[in-house]
Amino acid sequence: MGSTYIRACGFAMAIVITGSAPVVGTGHDPVSENVQRTFVLRDGRIRDGLLTATKVYSNGERESFEGAFLDRTTSESASDKGVTVFGLGTLTQPMMMFGQTIDRLFYQRVP
């Protein structure tokens, strides 16, 4: 339990898990390749590996947030055992970022 830092291609979040208290956190999302908008997580809950919360941006705008804690394995070929990392997988509204359409994110845990 405690603070966990996670990142995904320009997105970042620090979440605090204390057990019985609601999950809280802070983070930022890219608006464009050079502009970030900050938020706080409110009313966070974890149930069966699913994190639900509300993102509250600095301008007061609110957005539902949902993600599943999971292991992700990437490999170079079918015979490669790959590398497994722990993080948070989320779906998002499709957006153009860094020349690609992004509609899902994997926030990798940062030690």
# chains A, B, ... in the order shown; residues from 1 in each chain; ligands from 1

$ residues_around --residues "Glu66 of chain A" --least-positions-apart "2" --cutoff "7 Å" --atoms "only C-alpha atoms" --output "mmCIF file with C-alpha atoms, in the first residue's frame"
data_model
loop_
_atom_site.group_PDB
_atom_site.id
_atom_site.type_symbol
_atom_site.label_atom_id
_atom_site.label_comp_id
_atom_site.auth_asym_id
_atom_site.auth_seq_id
_atom_site.Cartn_x
_atom_site.Cartn_y
_atom_site.Cartn_z
ATOM 1 C CA LEU A 51 -10.129 1.173 -10.126
ATOM 2 C CA THR A 52 -12.991 3.652 -10.525
ATOM 3 C CA ALA A 53 -12.674 7.343 -9.704
ATOM 4 C CA SER A 64 -15.141 9.406 -15.031
ATOM 5 C CA THR A 90 -7.685 2.021 -19.410
#

$ select_by_dssp --residues "chain A" --states "strand (DSSP E or B)" --output "VMD selection string"
chain A and resid 2 to 8 11 to 17 23 to 30 36 to 47 50 to 57 62 to 74 83 to 97 100 to 110

$ closest_residue --among "A:Val24, A:Val31, A:Ala8, A:Ile15" --to "Met96 of chain A" --atoms "only C-alpha atoms"
A:Val31

$ atom_distance --atom1 "atom CA of Gly10 of chain A" --atom2 "atom CA of Thr26 of chain A"
14.3 Å

$ decode --residues "segment 32-61 of chain A" --atoms "C-alpha atoms" --output "PDB file, in the first residue's frame"
ATOM      1  CA  SER A  32      -1.314  18.409 -27.289  1.00  0.00           C
ATOM      2  CA  GLU A  33       2.325  17.407 -27.671  1.00  0.00           C
ATOM      3  CA  ASN A  34       3.414  20.513 -25.692  1.00  0.00           C
ATOM      4  CA  VAL A  35       0.481  21.239 -23.343  1.00  0.00           C
ATOM      5  CA  GLN A  36      -0.567  19.291 -20.227  1.00  0.00           C
ATOM      6  CA  ARG A  37      -3.666  19.616 -18.049  1.00  0.00           C
ATOM      7  CA  THR A  38      -3.547  18.578 -14.407  1.00  0.00           C
ATOM      8  CA  PHE A  39      -6.164  16.724 -12.386  1.00  0.00           C
ATOM      9  CA  VAL A  40      -6.842  15.158  -9.007  1.00  0.00           C
ATOM     10  CA  LEU A  41      -8.538  11.794  -8.539  1.00  0.00           C
ATOM     11  CA  ARG A  42     -11.533  11.847  -6.212  1.00  0.00           C
ATOM     12  CA  ASP A  43     -13.802   9.150  -4.769  1.00  0.00           C
ATOM     13  CA  GLY A  44     -11.545   6.344  -5.972  1.00  0.00           C
ATOM     14  CA  ARG A  45     -12.379   2.730  -5.218  1.00  0.00           C
ATOM     15  CA  ILE A  46     -10.741  -0.567  -6.057  1.00  0.00           C
ATOM     16  CA  ARG A  47     -12.865  -3.675  -6.347  1.00  0.00           C
ATOM     17  CA  ASP A  48     -11.653  -6.953  -7.837  1.00  0.00           C
ATOM     18  CA  GLY A  49      -8.709  -5.193  -9.519  1.00  0.00           C
ATOM     19  CA  LEU A  50     -10.872  -2.450 -11.073  1.00  0.00           C
ATOM     20  CA  LEU A  51     -10.129   1.173 -10.126  1.00  0.00           C
ATOM     21  CA  THR A  52     -12.991   3.652 -10.525  1.00  0.00           C
ATOM     22  CA  ALA A  53     -12.674   7.343  -9.704  1.00  0.00           C
ATOM     23  CA  THR A  54     -13.481  10.834 -10.915  1.00  0.00           C
ATOM     24  CA  LYS A  55     -10.834  13.044 -12.527  1.00  0.00           C
ATOM     25  CA  VAL A  56     -11.302  16.677 -11.516  1.00  0.00           C
ATOM     26  CA  TYR A  57      -9.307  19.040 -13.735  1.00  0.00           C
ATOM     27  CA  SER A  58      -7.949  22.407 -12.599  1.00  0.00           C
ATOM     28  CA  ASN A  59     -10.737  24.205 -14.519  1.00  0.00           C
ATOM     29  CA  GLY A  60     -13.416  22.230 -12.581  1.00  0.00           C
ATOM     30  CA  GLU A  61     -14.269  19.872 -15.443  1.00  0.00           C
TER      31      GLU A  61
END
